[in-house]
Amino acid sequence: MVTTQTADNVLKSYYLSAVTDQLNKSVNPFLAQIKQTASDVWGRDVRKAVRVGLNGGIGAGTETGTLPEAAGNRYEQFVSTLKNLYGTIEISDKAIRASKSNEGAFVDLLNDEMRSLVESASCNFGRMLFGDGTGAIAKVTGSSGTVYTCDSVDNLAEGMVVDMYNDTTKLIDGKRITNVDQKTKKVTIGGAAVTLAAGDSANFYIHNSKDMEITGLKAIFDSANLYGVSRSGNAWLDPYKEDSVGTLTEAALQKAIDTVEERSGSRVNFIVTSPGVRRAFFNTLSAYRQIDTMELEGGFRAISFNGIPIVTDRFCQKNTMYLLNTEDFGLHQLCDWQWLEGEDGKVLKQLSDKPVFRATLVKYAELMCYRPAGQARLSGITEA
């Protein structure tokens, strides 16, 4: 017989490991390459000591002269707060009772809920990896009733629950997206009509997520302060950036790889780009030589450039390519994905005043790059 206790046990004993594996390895190819660790987690923060430059206690001298004075490594401490990542499923009491004597129907119900959870969490977490930590998912440039014009709708989808802010002023609070028009870059928000004055702009955010997201690649390349350290006067925090590439050639790509190695000693081992950039580069390569491909962890396929995989990600900014050393990154976490349990050990909880049960997955984590200068970004690339 199917009961809430049955569902509770199945969620903990069967679905948790399967969902965790999918979220850690199948969100996107970049995440699949990053080590996940509980090290350097202190309370609610990640505190990582990173080495800056070289050991100064070296030198040359005469056969009987004075030895070099000791000048050990220089260290800086990166500090960042663990971000709270959540994913929820809901099952109505009616659905549970309807499948009470039909275990197959109940399994189908749970499978559908878990597939939806994985898809939503993968989409949201994958987007964060390329963000700046603020959580802004689209810039709003105009409005007409409940229809809003955006600079891009790539990060928006029907069903999302969003807020809209003008700087620190909340204009829309927790309203659902009902339609996204990719061609016109217009989005409809159910029951939320806000008029923007000419010249005004605002940003959409996932509901209650403003300034709460992990430190993604955009922050690593563009933020004025990184993990509590100012970039001003700290050139070792500055990645290599080329902003007006145009047509991407092998020579331009190799120059970026060589520059990273010369400046920081880092070795690029992973390249991620937008689909349009990969198409353009694929056309360039296929014009005069065979394209090599390779298999990556998580079941992803990539084209190869001198042994370095080039993959695409839907959330990578258009006209952009990131050249990374994945060994310089770590996803620091207090724990891996876990069900949020009550004092009674149950994960399925009835919502107050509603015949609905909810279960919540949680992970407390932060992405850190230990050697920002060992990474590169090419932008302004002509897409195909």
# chains A, B, ... in the order shown; residues from 1 in each chain; ligands from 1

$ closest_atom_pairs --of "region 254-367 of chain A" --to "region 107-113 of chain A" --cutoff "12 Å" --atoms "only C-alpha atoms" --output "Markdown table"
| residue | atom | partner | partner_atom | distance |
| --- | --- | --- | --- | --- |
| A:Arg358 | CA | A:Glu113 | CA | 11.0 |
| A:Ala359 | CA | A:Glu113 | CA | 10.6 |
| A:Thr360 | CA | A:Glu113 | CA | 12.0 |

$ select_by_dssp --residues "region 260-300 of chain A" --states "strand (DSSP E)" --output "NGL selection string"
:A and (270-273 or 293-295)

$ residues_around --residues "Asp181 (chain A)" --least-positions-apart "4" --cutoff "10 Å" --atoms "only C-alpha atoms" --output "PyMOL selection string"
chain A and resi 149+153+156-158+185-188

$ atom_distance --atom1 "CA of Lys83 (chain A)" --atom2 "CA of Lys25 (chain A)"
19.3 Å

$ residues_around --residues "Gln333 (chain A)" --least-positions-apart "6" --cutoff "9 Å" --atoms "only C-alpha atoms" --output "list of chain:residue names"
A:Gln36, A:Thr37, A:Ala38, A:Ser39, A:Val41, A:Val46, A:Leu82, A:Lys83, A:Lys363, A:Tyr364, A:Ala365, A:Glu366, A:Leu367

$ write_last_selection --atoms "N, CA, C and O atoms" --output "PDB file, in the first residue's frame"
ATOM      1  N   GLN A  36      34.620  18.576  -6.191  1.00  0.00           N
ATOM      2  CA  GLN A  36      33.722  18.999  -5.128  1.00  0.00           C
ATOM      3  C   GLN A  36      34.329  18.554  -3.797  1.00  0.00           C
ATOM      4  O   GLN A  36      34.725  17.397  -3.652  1.00  0.00           O
ATOM      5  N   THR A  37      34.405  19.472  -2.857  1.00  0.00           N
ATOM      6  CA  THR A  37      35.150  19.204  -1.638  1.00  0.00           C
ATOM      7  C   THR A  37      34.505  19.875  -0.437  1.00  0.00           C
ATOM      8  O   THR A  37      33.856  20.920  -0.567  1.00  0.00           O
ATOM      9  N   ALA A  38      34.690  19.260   0.724  1.00  0.00           N
ATOM     10  CA  ALA A  38      34.231  19.850   1.979  1.00  0.00           C
ATOM     11  C   ALA A  38      35.369  20.566   2.697  1.00  0.00           C
ATOM     12  O   ALA A  38      35.179  21.084   3.800  1.00  0.00           O
ATOM     13  N   SER A  39      36.547  20.635   2.087  1.00  0.00           N
ATOM     14  CA  SER A  39      37.687  21.295   2.719  1.00  0.00           C
ATOM     15  C   SER A  39      37.517  22.813   2.712  1.00  0.00           C
ATOM     16  O   SER A  39      36.787  23.364   1.876  1.00  0.00           O
ATOM     17  N   VAL A  41      35.904  24.735   4.521  1.00  0.00           N
ATOM     18  CA  VAL A  41      34.589  25.241   4.935  1.00  0.00           C
ATOM     19  C   VAL A  41      34.624  25.453   6.443  1.00  0.00           C
ATOM     20  O   VAL A  41      34.869  24.520   7.215  1.00  0.00           O
ATOM     21  N   VAL A  46      33.493  29.858   3.234  1.00  0.00           N
ATOM     22  CA  VAL A  46      34.648  29.172   2.659  1.00  0.00           C
ATOM     23  C   VAL A  46      35.839  30.107   2.846  1.00  0.00           C
ATOM     24  O   VAL A  46      35.794  31.280   2.461  1.00  0.00           O
ATOM     25  N   LEU A  82      28.987  30.543   1.969  1.00  0.00           N
ATOM     26  CA  LEU A  82      28.329  29.428   1.294  1.00  0.00           C
ATOM     27  C   LEU A  82      26.941  29.863   0.833  1.00  0.00           C
ATOM     28  O   LEU A  82      26.198  30.507   1.571  1.00  0.00           O
ATOM     29  N   LYS A  83      26.609  29.529  -0.406  1.00  0.00           N
ATOM     30  CA  LYS A  83      25.303  29.884  -0.950  1.00  0.00           C
ATOM     31  C   LYS A  83      24.317  28.748  -0.692  1.00  0.00           C
ATOM     32  O   LYS A  83      24.679  27.570  -0.684  1.00  0.00           O
ATOM     33  N   LYS A 363      21.581  22.177  -0.759  1.00  0.00           N
ATOM     34  CA  LYS A 363      23.039  22.077  -0.835  1.00  0.00           C
ATOM     35  C   LYS A 363      23.611  23.445  -0.497  1.00  0.00           C
ATOM     36  O   LYS A 363      23.147  24.468  -1.027  1.00  0.00           O
ATOM     37  N   TYR A 364      24.610  23.480   0.386  1.00  0.00           N
ATOM     38  CA  TYR A 364      25.259  24.728   0.767  1.00  0.00           C
ATOM     39  C   TYR A 364      26.656  24.718   0.146  1.00  0.00           C
ATOM     40  O   TYR A 364      27.514  23.930   0.556  1.00  0.00           O
ATOM     41  N   ALA A 365      26.872  25.570  -0.834  1.00  0.00           N
ATOM     42  CA  ALA A 365      28.107  25.470  -1.617  1.00  0.00           C
ATOM     43  C   ALA A 365      28.515  26.817  -2.178  1.00  0.00           C
ATOM     44  O   ALA A 365      27.718  27.766  -2.248  1.00  0.00           O
ATOM     45  N   GLU A 366      29.772  26.902  -2.590  1.00  0.00           N
ATOM     46  CA  GLU A 366      30.301  28.091  -3.255  1.00  0.00           C
ATOM     47  C   GLU A 366      31.402  27.670  -4.235  1.00  0.00           C
ATOM     48  O   GLU A 366      32.203  26.771  -3.936  1.00  0.00           O
ATOM     49  N   LEU A 367      31.408  28.294  -5.386  1.00  0.00           N
ATOM     50  CA  LEU A 367      32.437  28.043  -6.391  1.00  0.00           C
ATOM     51  C   LEU A 367      33.600  28.994  -6.156  1.00  0.00           C
ATOM     52  O   LEU A 367      33.404  30.205  -6.001  1.00  0.00           O
TER      53      LEU A 367
END

$ closest_residue --among "A:Tyr370, A:Trp339, A:Phe30, A:Tyr14" --to "Asp238 (chain A)" --atoms "only C-alpha atoms"
A:Tyr370

$ closest_residue --among "A:Gln317, A:Ser152, A:Ser201, A:Ser144" --to "Thr184 (chain A)" --atoms "only C-alpha atoms"
A:Ser152

$ residues_around --residues "Val147 (chain A)" --least-positions-apart "2" --cutoff "10 Å" --atoms "only C-alpha atoms" --output "PDB file with C-alpha atoms, in the first residue's frame"
ATOM      1  CA  GLY A 142      10.613  48.439 -21.658  1.00  0.00           C
ATOM      2  CA  SER A 143       7.086  47.430 -20.656  1.00  0.00           C
ATOM      3  CA  SER A 144       3.523  47.378 -21.884  1.00  0.00           C
ATOM      4  CA  GLY A 145       1.037  46.114 -19.317  1.00  0.00           C
ATOM      5  CA  THR A 149      10.938  43.718 -23.379  1.00  0.00           C
ATOM      6  CA  CYS A 150      14.355  42.341 -22.382  1.00  0.00           C
ATOM      7  CA  ILE A 177       6.312  33.825 -16.304  1.00  0.00           C
ATOM      8  CA  THR A 178       3.476  32.727 -18.607  1.00  0.00           C
ATOM      9  CA  ASN A 179       5.036  33.328 -22.029  1.00  0.00           C
ATOM     10  CA  VAL A 180       8.499  33.899 -23.525  1.00  0.00           C
ATOM     11  CA  LYS A 186       9.327  39.828 -24.865  1.00  0.00           C
ATOM     12  CA  VAL A 187       8.149  38.047 -21.736  1.00  0.00           C
ATOM     13  CA  THR A 188       4.704  38.005 -20.151  1.00  0.00           C
ATOM     14  CA  ILE A 189       4.383  38.007 -16.348  1.00  0.00           C
ATOM     15  CA  GLY A 190       1.080  36.749 -14.996  1.00  0.00           C
ATOM     16  CA  ALA A 192       2.073  41.874 -12.898  1.00  0.00           C
ATOM     17  CA  ALA A 193       1.702  45.168 -14.772  1.00  0.00           C
ATOM     18  CA  VAL A 194       4.482  47.669 -14.072  1.00  0.00           C
ATOM     19  CA  THR A 195       5.145  50.703 -16.234  1.00  0.00           C
TER      20      THR A 195
END

$ residues_around --residues "Glu213 (chain A)" --least-positions-apart "6" --cutoff "7 Å" --atoms "only C-alpha atoms" --output "compact mmCIF listing (two decimals) with C-alpha atoms, in the first residue's frame"
# COMPACT_ATOMS: atom_id res chain seq x y z
CA LYS A 83 25.30 29.88 -0.95
CA MET A 128 24.61 30.36 -11.93
CA GLY A 133 26.47 36.19 -8.16
CA THR A 134 23.81 38.91 -8.24
CA GLY A 135 21.21 36.56 -9.69

$ closest_residue --among "A:Thr382, A:Thr293, A:Ser101, A:Ser209" --to "Ser274 (chain A)" --atoms "only C-alpha atoms"
A:Thr382

$ residues_around --residues "Thr169 (chain A)" --least-positions-apart "4" --cutoff "10 Å" --atoms "only C-alpha atoms" --output "ChimeraX atom specification"
/A:164-165,202

$ write_last_selection --atoms "N, CA, C and O atoms" --output "PDB file, in the first residue's frame"
ATOM      1  N   MET A 164      11.260  41.487  -9.938  1.00  0.00           N
ATOM      2  CA  MET A 164      11.867  42.520 -10.775  1.00  0.00           C
ATOM      3  C   MET A 164      12.267  43.699  -9.894  1.00  0.00           C
ATOM      4  O   MET A 164      11.466  44.167  -9.078  1.00  0.00           O
ATOM      5  N   TYR A 165      13.511  44.115 -10.037  1.00  0.00           N
ATOM      6  CA  TYR A 165      14.047  45.223  -9.252  1.00  0.00           C
ATOM      7  C   TYR A 165      14.530  46.338 -10.164  1.00  0.00           C
ATOM      8  O   TYR A 165      15.106  46.085 -11.229  1.00  0.00           O
ATOM      9  N   ALA A 202      15.314  47.790 -15.553  1.00  0.00           N
ATOM     10  CA  ALA A 202      15.223  46.967 -14.352  1.00  0.00           C
ATOM     11  C   ALA A 202      15.789  45.602 -14.688  1.00  0.00           C
ATOM     12  O   ALA A 202      16.176  45.330 -15.821  1.00  0.00           O
TER      13      ALA A 202
END

$ closest_residue --among "A:Ala18, A:Ile206, A:Val245, A:Val79" --to "Met114 (chain A)" --atoms "only C-alpha atoms"
A:Ala18

$ closest_residue --among "A:Gln254, A:Ser116, A:Thr66, A:Ser122" --to "Gln22 (chain A)" --atoms "only C-alpha atoms"
A:Ser122

$ closest_residue --among "A:Glu119, A:Glu250, A:Asp328, A:Glu343" --to "Arg267 (chain A)" --atoms "only C-alpha atoms"
A:Asp328

$ select_by_dssp --residues "region 124-324 of chain A" --states "helix (DSSP H, G or I)" --output "number ranges by chain"
A: 124-128, 217-222, 235-237, 250-264, 275-286

$ write_last_selection --atoms "N, CA and C atoms" --output "CSV table (one decimal), in the first residue's frame"
chain,number,residue,atom,x,y,z
A,124,ASN,N,18.8,26.0,-13.4
A,124,ASN,CA,19.1,27.1,-12.5
A,124,ASN,C,20.6,27.1,-12.0
A,125,PHE,N,21.1,25.9,-11.7
A,125,PHE,CA,22.5,25.8,-11.2
A,125,PHE,C,23.4,26.0,-12.3
A,126,GLY,N,23.1,25.5,-13.5
A,126,GLY,CA,24.0,25.7,-14.7
A,126,GLY,C,24.1,27.1,-15.0
A,127,ARG,N,23.0,27.9,-14.9
A,127,ARG,CA,23.0,29.3,-15.2
A,127,ARG,C,23.9,30.1,-14.2
A,128,MET,N,23.8,29.7,-12.9
A,128,MET,CA,24.6,30.4,-11.9
A,128,MET,C,26.1,30.3,-12.2
A,217,LEU,N,31.4,32.5,-13.3
A,217,LEU,CA,32.5,33.0,-14.2
A,217,LEU,C,32.5,34.5,-14.5
A,218,LYS,N,31.3,35.0,-14.6
A,218,LYS,CA,31.3,36.5,-14.9
A,218,LYS,C,31.9,37.3,-13.8
A,219,ALA,N,31.6,36.9,-12.5
A,219,ALA,CA,32.2,37.6,-11.4
A,219,ALA,C,33.7,37.4,-11.3
A,220,ILE,N,34.2,36.2,-11.7
A,220,ILE,CA,35.6,35.9,-11.6
A,220,ILE,C,36.3,36.8,-12.6
A,221,PHE,N,35.7,37.1,-13.7
A,221,PHE,CA,36.3,38.0,-14.7
A,221,PHE,C,36.0,39.5,-14.6
A,222,ASP,N,34.9,39.8,-14.0
A,222,ASP,CA,34.5,41.2,-14.1
A,222,ASP,C,34.3,42.0,-12.7
A,235,ALA,N,47.2,42.7,-9.6
A,235,ALA,CA,47.1,42.2,-10.9
A,235,ALA,C,47.0,40.7,-11.0
A,236,TRP,N,47.4,40.0,-10.0
A,236,TRP,CA,47.3,38.5,-10.0
A,236,TRP,C,45.9,38.0,-9.9
A,237,LEU,N,44.9,39.0,-9.7
A,237,LEU,CA,43.5,38.6,-9.7
A,237,LEU,C,42.9,38.8,-11.1
A,250,GLU,N,42.5,29.9,-35.3
A,250,GLU,CA,43.3,29.1,-34.5
A,250,GLU,C,44.4,29.9,-33.8
A,251,ALA,N,45.0,30.9,-34.6
A,251,ALA,CA,46.1,31.7,-34.0
A,251,ALA,C,45.6,32.5,-32.8
A,252,ALA,N,44.4,33.1,-32.9
A,252,ALA,CA,43.9,33.9,-31.8
A,252,ALA,C,43.7,33.0,-30.6
A,253,LEU,N,43.2,31.8,-30.8
A,253,LEU,CA,42.9,30.9,-29.7
A,253,LEU,C,44.2,30.4,-29.0
A,254,GLN,N,45.2,30.1,-29.9
A,254,GLN,CA,46.5,29.7,-29.4
A,254,GLN,C,47.2,30.8,-28.6
A,255,LYS,N,47.1,32.0,-29.1
A,255,LYS,CA,47.7,33.2,-28.4
A,255,LYS,C,47.2,33.3,-27.0
A,256,ALA,N,45.8,33.2,-26.8
A,256,ALA,CA,45.2,33.3,-25.5
A,256,ALA,C,45.8,32.1,-24.6
A,257,ILE,N,45.9,30.9,-25.1
A,257,ILE,CA,46.4,29.8,-24.3
A,257,ILE,C,47.9,30.1,-23.9
A,258,ASP,N,48.7,30.5,-24.9
A,258,ASP,CA,50.1,30.8,-24.6
A,258,ASP,C,50.2,31.9,-23.6
A,259,THR,N,49.4,33.0,-23.7
A,259,THR,CA,49.5,34.1,-22.8
A,259,THR,C,49.2,33.7,-21.4
A,260,VAL,N,48.2,32.9,-21.2
A,260,VAL,CA,47.8,32.4,-19.9
A,260,VAL,C,49.0,31.7,-19.3
A,261,GLU,N,49.6,30.8,-20.1
A,261,GLU,CA,50.7,30.0,-19.5
A,261,GLU,C,51.9,30.9,-19.2
A,262,GLU,N,52.2,31.9,-20.1
A,262,GLU,CA,53.4,32.7,-19.8
A,262,GLU,C,53.2,33.6,-18.6
A,263,ARG,N,51.9,34.1,-18.4
A,263,ARG,CA,51.7,35.1,-17.3
A,263,ARG,C,51.5,34.4,-16.0
A,264,SER,N,50.9,33.2,-15.9
A,264,SER,CA,50.6,32.6,-14.7
A,264,SER,C,51.2,31.2,-14.4
A,275,PRO,N,27.0,28.1,-28.3
A,275,PRO,CA,26.8,27.2,-29.5
A,275,PRO,C,27.2,28.0,-30.7
A,276,GLY,N,26.9,29.3,-30.9
A,276,GLY,CA,27.2,30.0,-32.1
A,276,GLY,C,28.7,30.1,-32.3
A,277,VAL,N,29.4,30.3,-31.2
A,277,VAL,CA,30.9,30.4,-31.4
A,277,VAL,C,31.5,29.1,-31.8
A,278,ARG,N,31.0,28.0,-31.2
A,278,ARG,CA,31.5,26.7,-31.6
A,278,ARG,C,31.2,26.4,-33.0
A,279,ARG,N,30.0,26.7,-33.5
A,279,ARG,CA,29.7,26.5,-34.9
A,279,ARG,C,30.6,27.3,-35.8
A,280,ALA,N,30.9,28.5,-35.5
A,280,ALA,CA,31.8,29.3,-36.3
A,280,ALA,C,33.2,28.7,-36.3
A,281,PHE,N,33.7,28.3,-35.1
A,281,PHE,CA,35.1,27.7,-35.1
A,281,PHE,C,35.1,26.4,-35.8
A,282,PHE,N,34.0,25.6,-35.7
A,282,PHE,CA,33.9,24.3,-36.4
A,282,PHE,C,34.0,24.5,-37.9
A,283,ASN,N,33.4,25.6,-38.4
A,283,ASN,CA,33.4,25.9,-39.8
A,283,ASN,C,34.9,26.2,-40.2
A,284,THR,N,35.5,27.0,-39.3
A,284,THR,CA,36.9,27.4,-39.6
A,284,THR,C,37.8,26.2,-39.7
A,285,LEU,N,37.7,25.3,-38.8
A,285,LEU,CA,38.6,24.1,-38.8
A,285,LEU,C,38.2,23.1,-39.9
A,286,SER,N,36.9,22.9,-40.1
A,286,SER,CA,36.5,21.9,-41.1
A,286,SER,C,36.9,22.3,-42.5

$ decode --residues "region 89-100 of chain A" --atoms "all heavy atoms" --output "PDB file, in the first residue's frame"
ATOM      1  N   ILE A  89       9.929  19.572  -4.603  1.00  0.00           N
ATOM      2  CA  ILE A  89       8.861  18.866  -5.303  1.00  0.00           C
ATOM      3  C   ILE A  89       7.621  18.929  -4.433  1.00  0.00           C
ATOM      4  O   ILE A  89       7.710  19.065  -3.206  1.00  0.00           O
ATOM      5  CB  ILE A  89       9.215  17.398  -5.611  1.00  0.00           C
ATOM      6  CG1 ILE A  89       9.424  16.602  -4.315  1.00  0.00           C
ATOM      7  CG2 ILE A  89      10.434  17.296  -6.503  1.00  0.00           C
ATOM      8  CD1 ILE A  89       9.516  15.100  -4.545  1.00  0.00           C
ATOM      9  N   GLU A  90       6.452  18.845  -5.070  1.00  0.00           N
ATOM     10  CA  GLU A  90       5.193  18.835  -4.327  1.00  0.00           C
ATOM     11  C   GLU A  90       4.294  17.719  -4.860  1.00  0.00           C
ATOM     12  O   GLU A  90       4.220  17.501  -6.074  1.00  0.00           O
ATOM     13  CB  GLU A  90       4.481  20.183  -4.456  1.00  0.00           C
ATOM     14  CG  GLU A  90       5.184  21.312  -3.715  1.00  0.00           C
ATOM     15  CD  GLU A  90       4.405  22.610  -3.754  1.00  0.00           C
ATOM     16  OE1 GLU A  90       3.344  22.635  -4.429  1.00  0.00           O
ATOM     17  OE2 GLU A  90       4.833  23.595  -3.125  1.00  0.00           O
ATOM     18  N   ILE A  91       3.666  17.009  -3.957  1.00  0.00           N
ATOM     19  CA  ILE A  91       2.735  15.935  -4.309  1.00  0.00           C
ATOM     20  C   ILE A  91       1.449  16.160  -3.536  1.00  0.00           C
ATOM     21  O   ILE A  91       1.468  16.308  -2.307  1.00  0.00           O
ATOM     22  CB  ILE A  91       3.316  14.550  -3.958  1.00  0.00           C
ATOM     23  CG1 ILE A  91       4.681  14.345  -4.623  1.00  0.00           C
ATOM     24  CG2 ILE A  91       2.357  13.442  -4.379  1.00  0.00           C
ATOM     25  CD1 ILE A  91       5.372  13.061  -4.204  1.00  0.00           C
ATOM     26  N   SER A  92       0.339  16.184  -4.229  1.00  0.00           N
ATOM     27  CA  SER A  92      -0.934  16.430  -3.555  1.00  0.00           C
ATOM     28  C   SER A  92      -1.417  15.174  -2.842  1.00  0.00           C
ATOM     29  O   SER A  92      -1.093  14.039  -3.226  1.00  0.00           O
ATOM     30  CB  SER A  92      -1.993  16.891  -4.567  1.00  0.00           C
ATOM     31  OG  SER A  92      -2.366  15.810  -5.410  1.00  0.00           O
ATOM     32  N   ASP A  93      -2.189  15.385  -1.796  1.00  0.00           N
ATOM     33  CA  ASP A  93      -2.783  14.266  -1.060  1.00  0.00           C
ATOM     34  C   ASP A  93      -3.702  13.461  -1.981  1.00  0.00           C
ATOM     35  O   ASP A  93      -3.748  12.231  -1.900  1.00  0.00           O
ATOM     36  CB  ASP A  93      -3.573  14.808   0.133  1.00  0.00           C
ATOM     37  CG  ASP A  93      -4.253  13.700   0.918  1.00  0.00           C
ATOM     38  OD1 ASP A  93      -3.530  12.899   1.530  1.00  0.00           O
ATOM     39  OD2 ASP A  93      -5.497  13.632   0.898  1.00  0.00           O
ATOM     40  N   LYS A  94      -4.373  14.143  -2.880  1.00  0.00           N
ATOM     41  CA  LYS A  94      -5.287  13.467  -3.818  1.00  0.00           C
ATOM     42  C   LYS A  94      -4.519  12.501  -4.712  1.00  0.00           C
ATOM     43  O   LYS A  94      -4.965  11.371  -4.956  1.00  0.00           O
ATOM     44  CB  LYS A  94      -6.013  14.510  -4.664  1.00  0.00           C
ATOM     45  CG  LYS A  94      -7.037  13.916  -5.625  1.00  0.00           C
ATOM     46  CD  LYS A  94      -7.757  15.019  -6.387  1.00  0.00           C
ATOM     47  CE  LYS A  94      -8.801  14.444  -7.331  1.00  0.00           C
ATOM     48  NZ  LYS A  94      -9.496  15.524  -8.079  1.00  0.00           N
ATOM     49  N   ALA A  95      -3.326  12.954  -5.198  1.00  0.00           N
ATOM     50  CA  ALA A  95      -2.524  12.097  -6.069  1.00  0.00           C
ATOM     51  C   ALA A  95      -2.039  10.861  -5.324  1.00  0.00           C
ATOM     52  O   ALA A  95      -2.005   9.752  -5.881  1.00  0.00           O
ATOM     53  CB  ALA A  95      -1.328  12.887  -6.616  1.00  0.00           C
ATOM     54  N   ILE A  96      -1.652  11.035  -4.067  1.00  0.00           N
ATOM     55  CA  ILE A  96      -1.191   9.894  -3.271  1.00  0.00           C
ATOM     56  C   ILE A  96      -2.331   8.909  -3.044  1.00  0.00           C
ATOM     57  O   ILE A  96      -2.162   7.687  -3.197  1.00  0.00           O
ATOM     58  CB  ILE A  96      -0.620  10.379  -1.924  1.00  0.00           C
ATOM     59  CG1 ILE A  96       0.668  11.193  -2.157  1.00  0.00           C
ATOM     60  CG2 ILE A  96      -0.320   9.194  -1.018  1.00  0.00           C
ATOM     61  CD1 ILE A  96       1.242  11.797  -0.892  1.00  0.00           C
ATOM     62  N   ARG A  97      -3.510   9.431  -2.713  1.00  0.00           N
ATOM     63  CA  ARG A  97      -4.648   8.545  -2.456  1.00  0.00           C
ATOM     64  C   ARG A  97      -5.111   7.840  -3.734  1.00  0.00           C
ATOM     65  O   ARG A  97      -5.512   6.683  -3.709  1.00  0.00           O
ATOM     66  CB  ARG A  97      -5.810   9.337  -1.855  1.00  0.00           C
ATOM     67  CG  ARG A  97      -5.532   9.835  -0.441  1.00  0.00           C
ATOM     68  CD  ARG A  97      -6.682  10.656   0.111  1.00  0.00           C
ATOM     69  NE  ARG A  97      -6.368  11.198   1.422  1.00  0.00           N
ATOM     70  CZ  ARG A  97      -6.539  10.547   2.570  1.00  0.00           C
ATOM     71  NH1 ARG A  97      -7.026   9.308   2.555  1.00  0.00           N
ATOM     72  NH2 ARG A  97      -6.222  11.106   3.714  1.00  0.00           N
ATOM     73  N   ALA A  98      -4.995   8.553  -4.874  1.00  0.00           N
ATOM     74  CA  ALA A  98      -5.430   7.970  -6.142  1.00  0.00           C
ATOM     75  C   ALA A  98      -4.554   6.793  -6.549  1.00  0.00           C
ATOM     76  O   ALA A  98      -5.014   5.881  -7.255  1.00  0.00           O
ATOM     77  CB  ALA A  98      -5.419   9.037  -7.237  1.00  0.00           C
ATOM     78  N   SER A  99      -3.288   6.822  -6.115  1.00  0.00           N
ATOM     79  CA  SER A  99      -2.368   5.736  -6.474  1.00  0.00           C
ATOM     80  C   SER A  99      -2.111   4.803  -5.292  1.00  0.00           C
ATOM     81  O   SER A  99      -1.160   4.026  -5.303  1.00  0.00           O
ATOM     82  CB  SER A  99      -1.038   6.326  -6.953  1.00  0.00           C
ATOM     83  OG  SER A  99      -0.465   7.167  -5.963  1.00  0.00           O
ATOM     84  N   LYS A 100      -2.969   4.857  -4.294  1.00  0.00           N
ATOM     85  CA  LYS A 100      -2.767   4.106  -3.053  1.00  0.00           C
ATOM     86  C   LYS A 100      -2.645   2.607  -3.287  1.00  0.00           C
ATOM     87  O   LYS A 100      -1.830   1.920  -2.662  1.00  0.00           O
ATOM     88  CB  LYS A 100      -3.929   4.402  -2.101  1.00  0.00           C
ATOM     89  CG  LYS A 100      -3.662   3.984  -0.664  1.00  0.00           C
ATOM     90  CD  LYS A 100      -4.746   4.552   0.240  1.00  0.00           C
ATOM     91  CE  LYS A 100      -4.426   4.268   1.707  1.00  0.00           C
ATOM     92  NZ  LYS A 100      -5.447   4.861   2.612  1.00  0.00           N
TER      93      LYS A 100
END
